[in-house]
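Chemist: Shown below is the structure under consideration.
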Amino acid sequence: QPGDSLLDIGCGQGILAHHITEEISYTGIDLSPTFIKEAKKINKGNFILADATKKLPLNEKFSHSIAILSLQNMEHPDRALKNIATHLKPGGKALI
């Protein structure tokens, strides 16, 4: 919905960002500098180089969070899930 916000954990090259309307605030997080660089070249949105299993450099809360094909590649996916919970608004939804 317009006004919603999305945190994409393990965003890769930002493929999902192509499908998100500009009415939704999008933030993608990935550990790969190459992926983040590529995402910034081809997408609108906020892309941040960060480890999703450590404290994220974010002050905001999101209405939604998503992790597509990323948690299984993390040594400590439980820490990423904790970050998702930390950065969701009350009643926010996480899609995995």
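By convention in this document, the chains of the structure tokens carry letters A, B, ... by their order, each chain's residues are numbered from 1, and ligands are numbered from 1 in the order they are shown.
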Write out as a PyMOL selection string the set of residues from chain A that DSSP, computed on the backbone, places in strand (DSSP E or B).
Modeler: chain A and resi 5-9+25-30+46-49+62-66+88-95
Chemist: Where does segment 59-95 of chain A meet segment 7-12 of chain A within 7 Å, residue by residue, with the nearest atom pair and distance in Å to one decimal for each, counting only C-alpha atoms, listed by chain and rising number, as JSON lines?
Modeler:
```
{"residue": "A:Phe62", "atom": "CA", "partner": "A:Leu7", "partner_atom": "CA", "distance": 6.4}
{"residue": "A:His64", "atom": "CA", "partner": "A:Leu7", "partner_atom": "CA", "distance": 6.4}
{"residue": "A:Ser65", "atom": "CA", "partner": "A:Leu7", "partner_atom": "CA", "distance": 4.5}
{"residue": "A:Ile66", "atom": "CA", "partner": "A:Asp8", "partner_atom": "CA", "distance": 5.0}
{"residue": "A:Ala67", "atom": "CA", "partner": "A:Ile9", "partner_atom": "CA", "distance": 5.0}
{"residue": "A:Ser70", "atom": "CA", "partner": "A:Gly10", "partner_atom": "CA", "distance": 5.3}
```
Chemist: Please produce a file of the residues just selected, as a CSV table (one decimal), in the first residue's frame, where the atoms kept are all heavy atoms.
Modeler:
```
chain,number,residue,atom,x,y,z
A,62,PHE,N,10.0,-0.6,9.8
A,62,PHE,CA,9.4,-0.9,8.5
A,62,PHE,C,8.0,-1.6,8.7
A,62,PHE,O,7.9,-2.3,9.7
A,62,PHE,CB,10.3,-1.8,7.7
A,62,PHE,CG,11.6,-1.1,7.4
A,62,PHE,CD1,12.7,-1.1,8.3
A,62,PHE,CD2,11.8,-0.5,6.2
A,62,PHE,CE1,13.9,-0.5,8.0
A,62,PHE,CE2,13.0,0.1,5.8
A,62,PHE,CZ,14.0,0.1,6.7
A,64,HIS,N,7.0,-3.8,6.6
A,64,HIS,CA,7.2,-5.1,6.1
A,64,HIS,C,8.7,-5.4,6.0
A,64,HIS,O,9.5,-4.5,5.7
A,64,HIS,CB,6.6,-5.3,4.7
A,64,HIS,CG,5.1,-5.1,4.6
A,64,HIS,ND1,4.5,-3.9,4.6
A,64,HIS,CD2,4.1,-6.0,4.6
A,64,HIS,CE1,3.2,-4.1,4.6
A,64,HIS,NE2,2.9,-5.4,4.6
A,65,SER,N,9.0,-6.7,6.1
A,65,SER,CA,10.4,-7.1,5.8
A,65,SER,C,10.3,-8.4,5.0
A,65,SER,O,9.4,-9.2,5.2
A,65,SER,CB,11.2,-7.3,7.1
A,65,SER,OG,12.5,-7.7,6.9
A,66,ILE,N,11.3,-8.6,4.2
A,66,ILE,CA,11.4,-9.8,3.4
A,66,ILE,C,12.8,-10.4,3.3
A,66,ILE,O,13.7,-9.6,3.4
A,66,ILE,CB,10.8,-9.5,2.0
A,66,ILE,CG1,10.5,-10.8,1.2
A,66,ILE,CG2,11.7,-8.6,1.2
A,66,ILE,CD1,9.5,-10.7,0.1
A,67,ALA,N,12.9,-11.7,3.3
A,67,ALA,CA,14.1,-12.4,3.1
A,67,ALA,C,13.9,-13.5,2.1
A,67,ALA,O,13.2,-14.5,2.4
A,67,ALA,CB,14.6,-13.0,4.4
A,70,SER,N,17.9,-15.9,1.2
A,70,SER,CA,19.1,-15.3,1.8
A,70,SER,C,19.4,-16.0,3.2
A,70,SER,O,20.6,-16.2,3.5
A,70,SER,CB,18.9,-13.8,2.0
A,70,SER,OG,17.8,-13.5,2.8
```
Chemist: Contacts of segment 26-29 of chain A at 8 Å or less, counting only C-alpha atoms, minus same-chain residues fewer than 3 places along, as a list in words?
Modeler: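 Result of the neighbour search: Ser5, Leu6, Leu7, Asp8, Ile9, Gly10, Cys11, Gly12, Gly14, Ala17, Ile20, Ile36, Gly45, Asn46, Phe47, Ile48, Leu49, Ala50, Asp51 and Ala52 of chain A.
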Chemist: Store the residues picked out above in a file with all heavy atoms, as a tab-separated table (two decimals), in the first residue's frame.
Modeler:
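Done, and the output landed in again22.tsv:
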```tsv
chain	number	residue	atom	x	y	z
A	5	SER	N	6.51	0.56	4.01
A	5	SER	CA	7.97	0.53	3.86
A	5	SER	C	8.43	-0.92	3.91
A	5	SER	O	7.85	-1.74	4.62
A	5	SER	CB	8.63	1.35	4.97
A	5	SER	OG	8.18	0.91	6.24
A	6	LEU	N	9.48	-1.21	3.15
A	6	LEU	CA	9.95	-2.59	3.02
A	6	LEU	C	11.44	-2.67	3.28
A	6	LEU	O	12.22	-1.94	2.67
A	6	LEU	CB	9.65	-3.12	1.62
A	6	LEU	CG	10.16	-4.52	1.29
A	6	LEU	CD1	9.50	-5.57	2.17
A	6	LEU	CD2	9.92	-4.83	-0.18
A	7	LEU	N	11.83	-3.58	4.15
A	7	LEU	CA	13.23	-3.90	4.41
A	7	LEU	C	13.51	-5.25	3.76
A	7	LEU	O	12.89	-6.25	4.11
A	7	LEU	CB	13.50	-3.98	5.92
A	7	LEU	CG	14.90	-4.44	6.33
A	7	LEU	CD1	15.97	-3.47	5.82
A	7	LEU	CD2	14.96	-4.58	7.85
A	8	ASP	N	14.43	-5.26	2.80
A	8	ASP	CA	14.78	-6.46	2.05
A	8	ASP	C	16.13	-6.97	2.56
A	8	ASP	O	17.17	-6.37	2.30
A	8	ASP	CB	14.84	-6.12	0.56
A	8	ASP	CG	15.04	-7.32	-0.36
A	8	ASP	OD1	15.20	-8.45	0.14
A	8	ASP	OD2	15.06	-7.10	-1.59
A	9	ILE	N	16.10	-8.08	3.30
A	9	ILE	CA	17.31	-8.67	3.89
A	9	ILE	C	17.95	-9.61	2.86
A	9	ILE	O	17.32	-10.56	2.42
A	9	ILE	CB	16.97	-9.45	5.18
A	9	ILE	CG1	16.40	-8.51	6.24
A	9	ILE	CG2	18.17	-10.22	5.69
A	9	ILE	CD1	17.38	-7.53	6.81
A	10	GLY	N	19.20	-9.32	2.50
A	10	GLY	CA	19.87	-10.13	1.48
A	10	GLY	C	19.32	-9.77	0.10
A	10	GLY	O	18.95	-10.64	-0.67
A	11	CYS	N	19.31	-8.49	-0.20
A	11	CYS	CA	18.65	-7.99	-1.42
A	11	CYS	C	19.38	-8.33	-2.71
A	11	CYS	O	18.80	-8.19	-3.79
A	11	CYS	CB	18.47	-6.48	-1.32
A	11	CYS	SG	20.03	-5.54	-1.34
A	12	GLY	N	20.64	-8.77	-2.62
A	12	GLY	CA	21.38	-9.08	-3.83
A	12	GLY	C	21.49	-7.87	-4.74
A	12	GLY	O	21.76	-6.77	-4.28
A	14	GLY	N	19.18	-6.33	-6.10
A	14	GLY	CA	17.98	-5.50	-6.03
A	14	GLY	C	16.88	-5.91	-6.98
A	14	GLY	O	16.07	-5.08	-7.41
A	17	ALA	N	13.43	-4.89	-5.97
A	17	ALA	CA	13.19	-3.44	-6.06
A	17	ALA	C	12.54	-3.04	-7.38
A	17	ALA	O	11.80	-2.06	-7.43
A	17	ALA	CB	14.50	-2.68	-5.85
A	20	ILE	N	8.69	-2.98	-6.90
A	20	ILE	CA	8.11	-2.20	-5.82
A	20	ILE	C	7.81	-0.79	-6.34
A	20	ILE	O	8.69	-0.14	-6.90
A	20	ILE	CB	9.09	-2.12	-4.61
A	20	ILE	CG1	9.47	-3.53	-4.13
A	20	ILE	CG2	8.50	-1.29	-3.48
A	20	ILE	CD1	8.32	-4.37	-3.64
A	36	ILE	N	25.58	-4.70	-4.01
A	36	ILE	CA	25.06	-3.37	-3.65
A	36	ILE	C	25.40	-2.36	-4.75
A	36	ILE	O	24.56	-1.54	-5.14
A	36	ILE	CB	25.60	-2.92	-2.28
A	36	ILE	CG1	24.99	-3.78	-1.16
A	36	ILE	CG2	25.32	-1.43	-2.03
A	36	ILE	CD1	23.49	-3.64	-0.98
A	45	GLY	N	15.81	3.39	-4.74
A	45	GLY	CA	15.68	2.82	-3.41
A	45	GLY	C	16.96	3.04	-2.63
A	45	GLY	O	17.94	3.59	-3.14
A	46	ASN	N	16.94	2.60	-1.42
A	46	ASN	CA	18.07	2.77	-0.52
A	46	ASN	C	18.76	1.42	-0.37
A	46	ASN	O	18.15	0.47	0.14
A	46	ASN	CB	17.55	3.27	0.83
A	46	ASN	CG	18.64	3.58	1.81
A	46	ASN	OD1	19.77	3.86	1.43
A	46	ASN	ND2	18.31	3.50	3.08
A	47	PHE	N	19.99	1.31	-0.81
A	47	PHE	CA	20.74	0.06	-0.72
A	47	PHE	C	21.93	0.26	0.23
A	47	PHE	O	22.70	1.21	0.05
A	47	PHE	CB	21.22	-0.40	-2.09
A	47	PHE	CG	20.09	-0.78	-2.99
A	47	PHE	CD1	19.53	0.13	-3.87
A	47	PHE	CD2	19.55	-2.06	-2.93
A	47	PHE	CE1	18.47	-0.21	-4.69
A	47	PHE	CE2	18.48	-2.41	-3.74
A	47	PHE	CZ	17.95	-1.49	-4.62
A	48	ILE	N	22.04	-0.63	1.21
A	48	ILE	CA	23.05	-0.47	2.25
A	48	ILE	C	23.92	-1.73	2.32
A	48	ILE	O	23.39	-2.85	2.39
A	48	ILE	CB	22.38	-0.24	3.62
A	48	ILE	CG1	21.52	1.04	3.56
A	48	ILE	CG2	23.40	-0.16	4.73
A	48	ILE	CD1	20.65	1.24	4.77
A	49	LEU	N	25.22	-1.51	2.31
A	49	LEU	CA	26.17	-2.59	2.50
A	49	LEU	C	26.26	-2.87	4.00
A	49	LEU	O	26.72	-2.03	4.77
A	49	LEU	CB	27.54	-2.19	1.95
A	49	LEU	CG	28.67	-3.20	2.12
A	49	LEU	CD1	28.37	-4.48	1.34
A	49	LEU	CD2	29.99	-2.59	1.66
A	50	ALA	N	25.77	-4.03	4.42
A	50	ALA	CA	25.76	-4.38	5.83
A	50	ALA	C	25.55	-5.88	6.00
A	50	ALA	O	25.00	-6.54	5.12
A	50	ALA	CB	24.65	-3.62	6.57
A	51	ASP	N	25.99	-6.38	7.13
A	51	ASP	CA	25.79	-7.78	7.51
A	51	ASP	C	24.47	-7.87	8.26
A	51	ASP	O	24.32	-7.29	9.34
A	51	ASP	CB	26.96	-8.22	8.40
A	51	ASP	CG	26.92	-9.68	8.78
A	51	ASP	OD1	25.83	-10.31	8.70
A	51	ASP	OD2	27.96	-10.20	9.19
A	52	ALA	N	23.53	-8.59	7.70
A	52	ALA	CA	22.19	-8.69	8.29
A	52	ALA	C	22.18	-9.41	9.63
A	52	ALA	O	21.19	-9.37	10.34
A	52	ALA	CB	21.24	-9.39	7.33
```
Chemist: How would you write, as a list of chain:residue names, the set of residues in chain A that DSSP gives as alpha helix (DSSP H)?
Modeler: A:Pro33, A:Thr34, A:Phe35, A:Ile36, A:Lys37, A:Glu38, A:Ala39, A:Lys40, A:Lys41, A:Ile42, A:Pro77, A:Asp78, A:Arg79, A:Ala80, A:Leu81, A:Lys82, A:Asn83, A:Ile84, A:Ala85, A:Thr86
Chemist: If we count only C-alpha atoms, what is near Asn83 of chain A at a cut-off of 10 Å, once residues fewer than 4 positions away on the same chain are taken out, given as a list in words?
Modeler: Ile9, Ala52, Thr53, Lys54, Lys55, Leu56, Pro77, Asp78, Arg79, His87 and Leu88 of chain A
Chemist: Which residue gives the smallest distance to Asp4 of chain A among A:Lys82, A:Lys89, A:His19, A:Lys41, with only C-alpha atoms counted?
Modeler: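 Using only C-alpha atoms, Asp4 of chain A sits closest to A:Lys89.
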Chemist: In Å, how far is it from atom CA of Ile15 of chain A to atom CA of Leu95 of chain A?
Modeler: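 So the two atoms, atom CA of Ile15 of chain A and atom CA of Leu95 of chain A, lie 16.0 Å apart.
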